[in-house]
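Asks: Questions regarding the structure given below will be posed in turn.
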Amino acid sequence: MLKRQHLPVAATIALFVLMFMMGSFRYTGFFSMQVLLNLLIDNAFLLIVAIGMTFVIVSGGIDLSVGSMVALTTMMSAGLLQQGGWPAWAVIPFVLAVGSLFGAAMGALIHYFKIQPFIVTLAGMFLARGLCYVISINTITINNGFYTDMAQTKIRFGDNFVSPSVIIALVVLALAIYIAHYTRFGRTTYAIGGSEQSALLMGLPVARTKIMVYMFSGFCSALGGVVFTFYMLSGYGLHAVGLELDAIAATVIGGTLLTGGVGYVFGTFAGVMIYGVIQTLIVFQGTLSSWWTRIIIGVLLFAFIVLQRLFTMRSDRKTGSVEKMA
Amino acid sequence: MTADSKGRYSSGSQSSLLSRAYKHHLFWPLALWIALLLFNLFYSPSFFKVVVREGHLYGSLIDILNFGAPLMLVAIGMTTVIATRGIDLSVGSVVAIAGALACQMISKGSDQNALSLVLYAIVMALVLSVALGLWNGLLVSITGIQPIIATLILMVAGRGIAQLITDGQIITVSSTPYQYIGAGSLAGLPFSIFLVAIVFAISALLTRRTALGLYIESVGCNPEASRLAGIRAKTVMIIVYMFCGLCAGVAGLILSGNVASADGNNAGLWIELDAILAVVIGGTSLTGGRFYLTGTIVGALMIQTLTTTIYSVGVRPEVTLVVKAVVVLAVCLIQSESFRKAIISRWKTRRYPAEREVTRHA
């Protein structure tokens, strides 16, 4: 039976199937395995970033720094590979470590000094974006062997193929689902999102978990940045502008409640797929311009937020009053 | 730092000290701003030089006023929204939409210099901005969605709408009356400054000389309690979001008038963040309930001075972001009670392990 709390995720998946069917009926060549796989190939980095964002939002926070962190990762990778002469096997762990530390530092500021996550991650966003330009104002093209291999390798099965980035993204997805639902860390994250005060009184490690949530988001955005570097093969300070909005939108469309405590990593996956299918539909349509993506995402965002709102208002009115008081 | 924290503390408990506390709030933004200006005085004395050329005033200070005008306007609107414990992320998009609509209407006209056409375009752009503000206000007040989320919708969709209006092009206009809004000068000063002054005067009068300011603060403190006390909390919220939309619309007209073009993608990009920063620097807390319009103006001027300083020092302008990040963090840390407590307790540390244990769990 479909449980009530699964309703938003089910709606998202149904919407995705509906949109894909619609595309298949309207446009020739739309209904193919490769189109479906291309959704993954083109949005692998968004999926990874959005997964990190899901954890942050479930814990009741928000992370605005992800887009800048992706840009900083591309820039650091490009700078170290091209100008620093580092090998790829040293660069990737390094940028992942930087991303995690960056996230952990923001988490510590948020938790210990009780500054709103919005403001701290906003500062993080400025900082990361600014650091990109400290490295270089211009685009740095990457011609490292490993990176170009990763960009060009096609993992074939049958007639279709995916890129290595897709494998990375799917592994992250599987790990994240496991972490969210089958580990102590995941359960504590949900508990904090439900009520931080209660989590604290229950003796859960709130401080550690909150910092780790932001650390995980930082790690995800750095990993997303690495995948984005494979995709773009360059480092540039203006890469991934507005990615944080896309990630938040995908998470919300995936049924994660922005007030925290409710949400599924798999829903985020469906949200990212919807995002991809809108873009693909617009490409297939041909006459619609790219800015329609933003408008449609805005409309979907609105629909899902109102849906969630109705959902929470009906399920219990107490949460609403607590939220207002908080 | 302690003096500041004490001042802040007393303002919360004793309203008779409000005027003194107000000085405290203005103290930090002003001190920061003056420090920046002093730095400029030593670094490049020409910074303060104002020359009269063809009846217009020129100089870095005038530039700061001129380029800072849109930010000041948006920040004024943002202050009232933040005072109700809200936030408006969509101002950047509204800036782009207002500029786009006005430019689109003017460029379609047969005579771009016709005053009636320009006025019509301006009125329509402002009406649209207010309508967008109304949309935000309704979402926040009626449906009760968190402000960050509610305004996020328009922030995402707004850039798309702006590009829809301009058809994805950068629309240029050659209309003298329209360009006057952004680039004209009145009595030697940039015209945009007068717009800021008017909006500031009106908002200051309305909030400080009528009960409206009190209503806004009370809604920010506790919407439910204010409703029970007979204040129409929802109406107040809708009004502040509409006002914020209007301010963003005027800022959009100034920005697009200044460059005589509308760019749906880049007009007002990240102005929402700068505006929030200006409000926070000005001493208005993001938790709502109290607001300082003068502080906001000083905060906005400080940000613009910072940007101009960085240009004049010769640092790459993009590095501004790093400096801004540091400023945001510093200001937030000063505002954070836990941080102040940590600093104070560091001062009067008592090295009894037992006592320390108690404070940690308290």
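How things are named: the first chain in the structure tokens is A, the next is B, and so on; residues count from 1 in each chain; ligands count from 1 in the order shown.
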Determine which residues of chain B sit within 7 Å of chain A, taking into account only C-alpha atoms, and present them as JSON, numbers by chain.
Replies: {"B": [145, 153, 154, 156, 157, 160, 161, 163, 318, 319, 320, 321, 322, 324, 325, 328, 329, 332, 336, 338, 339]}
Asks: If we count only C-alpha atoms, what is near Ile165 in chain B at a cut-off of 12 Å, once residues fewer than 2 positions away on the same chain are taken out, given as a list in words?
Replies: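 Final neighbour list, sorted by chain and number: Trp291 and Trp292 of chain A; Ala96, Ile97, Ala98, Gly99, Ala100, Leu101, Ala102, Cys103, Gln104, Met105, Ala125, Gly158, Arg159, Gly160, Ile161, Ala162, Gln163, Asp167, Gly168, Gln169, Ile170, Ile171, Ala262, Asp263, Gly264 and Asn265 of chain B.
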Asks: For range 213-253 of chain B against range 271-277 of chain B, with a cut-off of 12 Å and counting only C-alpha atoms, what is the closest atom pair and its distance in Å to one decimal for every residue that makes the cut, ordered by chain and number, as JSON lines?
Replies:
```
{"residue": "B:Cys244", "atom": "CA", "partner": "B:Glu272", "partner_atom": "CA", "distance": 11.1}
{"residue": "B:Gly245", "atom": "CA", "partner": "B:Glu272", "partner_atom": "CA", "distance": 11.8}
{"residue": "B:Cys247", "atom": "CA", "partner": "B:Ala275", "partner_atom": "CA", "distance": 11.5}
{"residue": "B:Ala248", "atom": "CA", "partner": "B:Glu272", "partner_atom": "CA", "distance": 9.5}
{"residue": "B:Ala251", "atom": "CA", "partner": "B:Ile271", "partner_atom": "CA", "distance": 10.0}
{"residue": "B:Gly252", "atom": "CA", "partner": "B:Ile271", "partner_atom": "CA", "distance": 10.5}
```
Asks: Which of range 198-328 of chain B end up as alpha helix (DSSP H) when DSSP is run on this backbone - answer as a count of residues only?
Replies: 95
Asks: Ranking A:Ala180, A:Ile142, A:Val162, A:Ala169 by minimum distance to Gln34 in chain A and counting only C-alpha atoms, which one comes first?
Replies: A:Val162
Asks: Which residues, written as a list of chain:residue names, have at least one atom at most 10 Å from Met78 in chain B, with only C-alpha atoms counted and residues fewer than 2 positions away on the same chain left out?
Replies: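 Counting only the stated atoms, we get B:Met72, B:Leu73, B:Val74, B:Ala75, B:Ile76, B:Thr80, B:Val81, B:Ile82, B:Ala83, B:Gly86, B:Ile87, B:Asp88, B:Leu89, B:Val91, B:Val240, B:Tyr241, B:Phe243, B:Cys244, B:Gly245, B:Cys247, B:Ala248, B:Glu272, B:Ala275, B:Ile276, B:Ala278, B:Val279, B:Leu293, B:Thr296.
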Asks: Deliver the residues from the most recent selection as a file, using N, CA, C and O atoms, as an mmCIF file, in the first residue's frame.
Replies:
```cif
data_model
loop_
_atom_site.group_PDB
_atom_site.id
_atom_site.type_symbol
_atom_site.label_atom_id
_atom_site.label_comp_id
_atom_site.auth_asym_id
_atom_site.auth_seq_id
_atom_site.Cartn_x
_atom_site.Cartn_y
_atom_site.Cartn_z
ATOM 1 N N MET B 72 20.621 50.810 -2.507
ATOM 2 C CA MET B 72 19.976 51.456 -1.356
ATOM 3 C C MET B 72 18.464 51.260 -1.413
ATOM 4 O O MET B 72 17.828 50.954 -0.411
ATOM 5 N N LEU B 73 17.906 51.437 -2.628
ATOM 6 C CA LEU B 73 16.454 51.281 -2.769
ATOM 7 C C LEU B 73 16.016 49.869 -2.402
ATOM 8 O O LEU B 73 15.097 49.672 -1.608
ATOM 9 N N VAL B 74 16.683 48.886 -2.995
ATOM 10 C CA VAL B 74 16.301 47.500 -2.740
ATOM 11 C C VAL B 74 16.471 47.191 -1.255
ATOM 12 O O VAL B 74 15.635 46.520 -0.645
ATOM 13 N N ALA B 75 17.541 47.734 -0.669
ATOM 14 C CA ALA B 75 17.806 47.453 0.743
ATOM 15 C C ALA B 75 16.738 48.068 1.644
ATOM 16 O O ALA B 75 16.386 47.486 2.673
ATOM 17 N N ILE B 76 16.203 49.247 1.252
ATOM 18 C CA ILE B 76 15.129 49.849 2.054
ATOM 19 C C ILE B 76 13.922 48.918 2.073
ATOM 20 O O ILE B 76 13.356 48.606 3.124
ATOM 21 N N THR B 80 12.163 46.452 5.433
ATOM 22 C CA THR B 80 10.806 46.307 5.966
ATOM 23 C C THR B 80 10.373 44.846 5.939
ATOM 24 O O THR B 80 9.678 44.383 6.837
ATOM 25 N N VAL B 81 10.796 44.123 4.898
ATOM 26 C CA VAL B 81 10.429 42.706 4.816
ATOM 27 C C VAL B 81 11.109 41.925 5.936
ATOM 28 O O VAL B 81 10.479 41.117 6.627
ATOM 29 N N ILE B 82 12.394 42.179 6.132
ATOM 30 C CA ILE B 82 13.134 41.448 7.157
ATOM 31 C C ILE B 82 12.588 41.791 8.545
ATOM 32 O O ILE B 82 12.586 40.954 9.441
ATOM 33 N N ALA B 83 12.069 43.029 8.694
ATOM 34 C CA ALA B 83 11.505 43.420 9.987
ATOM 35 C C ALA B 83 10.315 42.550 10.358
ATOM 36 O O ALA B 83 10.033 42.343 11.533
ATOM 37 N N GLY B 86 10.668 38.182 7.608
ATOM 38 C CA GLY B 86 10.621 37.569 6.286
ATOM 39 C C GLY B 86 11.923 37.775 5.568
ATOM 40 O O GLY B 86 12.911 38.227 6.156
ATOM 41 N N ILE B 87 11.949 37.430 4.312
ATOM 42 C CA ILE B 87 13.090 37.735 3.459
ATOM 43 C C ILE B 87 12.561 37.700 2.041
ATOM 44 O O ILE B 87 11.610 36.976 1.758
ATOM 45 N N ASP B 88 13.116 38.529 1.177
ATOM 46 C CA ASP B 88 12.656 38.529 -0.203
ATOM 47 C C ASP B 88 13.828 38.239 -1.124
ATOM 48 O O ASP B 88 14.671 39.088 -1.361
ATOM 49 N N LEU B 89 13.874 37.006 -1.619
ATOM 50 C CA LEU B 89 14.978 36.626 -2.498
ATOM 51 C C LEU B 89 14.720 37.043 -3.936
ATOM 52 O O LEU B 89 15.609 36.976 -4.765
ATOM 53 N N VAL B 91 14.030 39.928 -5.289
ATOM 54 C CA VAL B 91 14.218 41.319 -5.720
ATOM 55 C C VAL B 91 15.084 41.423 -6.976
ATOM 56 O O VAL B 91 14.816 42.247 -7.850
ATOM 57 N N VAL B 240 4.281 45.008 3.159
ATOM 58 C CA VAL B 240 5.745 45.138 3.103
ATOM 59 C C VAL B 240 6.304 44.444 1.861
ATOM 60 O O VAL B 240 7.238 44.948 1.238
ATOM 61 N N TYR B 241 5.722 43.296 1.480
ATOM 62 C CA TYR B 241 6.238 42.639 0.273
ATOM 63 C C TYR B 241 5.937 43.469 -0.970
ATOM 64 O O TYR B 241 6.741 43.532 -1.899
ATOM 65 N N PHE B 243 5.688 46.730 -0.991
ATOM 66 C CA PHE B 243 6.621 47.857 -0.935
ATOM 67 C C PHE B 243 7.995 47.419 -1.424
ATOM 68 O O PHE B 243 8.662 48.128 -2.174
ATOM 69 N N CYS B 244 8.409 46.214 -1.013
ATOM 70 C CA CYS B 244 9.708 45.703 -1.433
ATOM 71 C C CYS B 244 9.734 45.532 -2.951
ATOM 72 O O CYS B 244 10.712 45.866 -3.605
ATOM 73 N N GLY B 245 8.616 45.022 -3.502
ATOM 74 C CA GLY B 245 8.523 44.889 -4.952
ATOM 75 C C GLY B 245 8.641 46.237 -5.638
ATOM 76 O O GLY B 245 9.360 46.380 -6.633
ATOM 77 N N CYS B 247 10.115 48.981 -4.516
ATOM 78 C CA CYS B 247 11.499 49.464 -4.413
ATOM 79 C C CYS B 247 12.373 48.770 -5.453
ATOM 80 O O CYS B 247 13.187 49.406 -6.131
ATOM 81 N N ALA B 248 12.196 47.454 -5.582
ATOM 82 C CA ALA B 248 13.001 46.709 -6.558
ATOM 83 C C ALA B 248 12.679 47.189 -7.965
ATOM 84 O O ALA B 248 13.577 47.301 -8.812
ATOM 85 N N GLU B 272 19.990 40.838 -4.447
ATOM 86 C CA GLU B 272 19.276 40.415 -3.236
ATOM 87 C C GLU B 272 20.274 40.111 -2.127
ATOM 88 O O GLU B 272 20.041 40.431 -0.964
ATOM 89 N N ALA B 275 21.707 43.325 -0.849
ATOM 90 C CA ALA B 275 20.706 44.054 -0.066
ATOM 91 C C ALA B 275 20.562 43.436 1.323
ATOM 92 O O ALA B 275 20.520 44.156 2.321
ATOM 93 N N ILE B 276 20.508 42.111 1.379
ATOM 94 C CA ILE B 276 20.392 41.453 2.681
ATOM 95 C C ILE B 276 21.614 41.800 3.529
ATOM 96 O O ILE B 276 21.511 42.104 4.717
ATOM 97 N N ALA B 278 23.433 44.489 3.290
ATOM 98 C CA ALA B 278 23.328 45.887 3.734
ATOM 99 C C ALA B 278 22.417 45.989 4.949
ATOM 100 O O ALA B 278 22.719 46.693 5.910
ATOM 101 N N VAL B 279 21.310 45.249 4.899
ATOM 102 C CA VAL B 279 20.354 45.294 6.008
ATOM 103 C C VAL B 279 21.006 44.752 7.279
ATOM 104 O O VAL B 279 20.880 45.335 8.359
ATOM 105 N N LEU B 293 16.175 51.821 9.277
ATOM 106 C CA LEU B 293 16.314 52.240 7.884
ATOM 107 C C LEU B 293 17.614 52.990 7.664
ATOM 108 O O LEU B 293 18.303 52.779 6.667
ATOM 109 N N THR B 296 20.447 50.706 7.391
ATOM 110 C CA THR B 296 20.458 50.048 6.088
ATOM 111 C C THR B 296 21.133 50.911 5.036
ATOM 112 O O THR B 296 21.939 50.430 4.245
#
```
Asks: Excluding same-chain residues fewer than 2 positions from Asn40 in chain B, what lies within 12 Å of it counting only C-alpha atoms, as a ChimeraX atom specification?
Replies: /B:33-38,42-49,60-61,305-313
Asks: Give me the residues near range 97-103 of chain A as a PyMOL selection string, where near means some atom within 12 Å (using only C-alpha atoms) and where sequence neighbours in that chain fewer than 3 positions away do not count.
Replies: chain A and resi 49+52-53+56+62-74+76-77+90-94+106-110+117+120-121+123-125+127-128+210-226
Asks: Between CA of Pro70 in chain B and CA of Val331 in chain B, what is the distance, to one decimal in Å?
Replies: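 We find that CA of Pro70 in chain B and CA of Val331 in chain B lie 22.3 Å from each other.
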Asks: Select, from B:Val280, B:Ala121, B:Leu255, B:Val327, the residue with the minimum atom-to-atom distance to Tyr292 in chain B, counting only C-alpha atoms.
Replies: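 Using only C-alpha atoms, Tyr292 in chain B sits closest to B:Val280.
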Asks: Go through B:Ile62, B:Ala150, B:Val95, B:Ala260 one by one, measure the shortest atom-to-atom distance of each to Gln112 in chain B using only C-alpha atoms, and give the residue with the smallest value.
Replies: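 Looking only at the distances to Gln112 in chain B, the closest residue turns out to be B:Ala260.
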Asks: Please, what distance in Å, to one decimal, runs between CA of Cys221 in chain B and CA of Ala191 in chain A?
Replies: 27.2 Å
Asks: Could you name the residues that touch range 150-159 of chain A at 8 Å or less, counting only C-alpha atoms, but leaving out those on the same chain fewer than 3 positions away, as a short mmCIF file (atom, residue, chain, number, x, y, z; two decimals) with C-alpha atoms, in the first residue's frame?
Replies:
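Saved to result03.cif:
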```cif
data_model
loop_
_atom_site.label_atom_id
_atom_site.label_comp_id
_atom_site.auth_asym_id
_atom_site.auth_seq_id
_atom_site.Cartn_x
_atom_site.Cartn_y
_atom_site.Cartn_z
CA PHE A 146 42.85 11.17 -17.15
CA TYR A 147 40.26 13.94 -17.36
CA VAL A 162 26.64 6.08 -20.21
CA SER A 163 29.61 8.12 -19.07
CA PRO A 164 31.72 7.20 -16.02
CA SER A 165 30.17 10.22 -14.28
CA PHE A 230 34.91 15.88 -16.56
CA TYR A 231 31.87 17.26 -18.37
CA LEU A 233 37.01 19.95 -19.26
#
```
Asks: Enter the distance from CA of Val95 in chain A to CA of Thr189 in chain A, in Å, rounded to one decimal.
Replies: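 Value for the CA of Val95 in chain A-CA of Thr189 in chain A distance: 25.2 Å.
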Asks: Excluding Gly282 in chain B and any residue of its chain fewer than 5 positions from it, enumerate the residues within 9 Å of it, using only C-alpha atoms, and give them as a ChimeraX atom specification.
Replies: /B:25-26,28-30,277,291-300
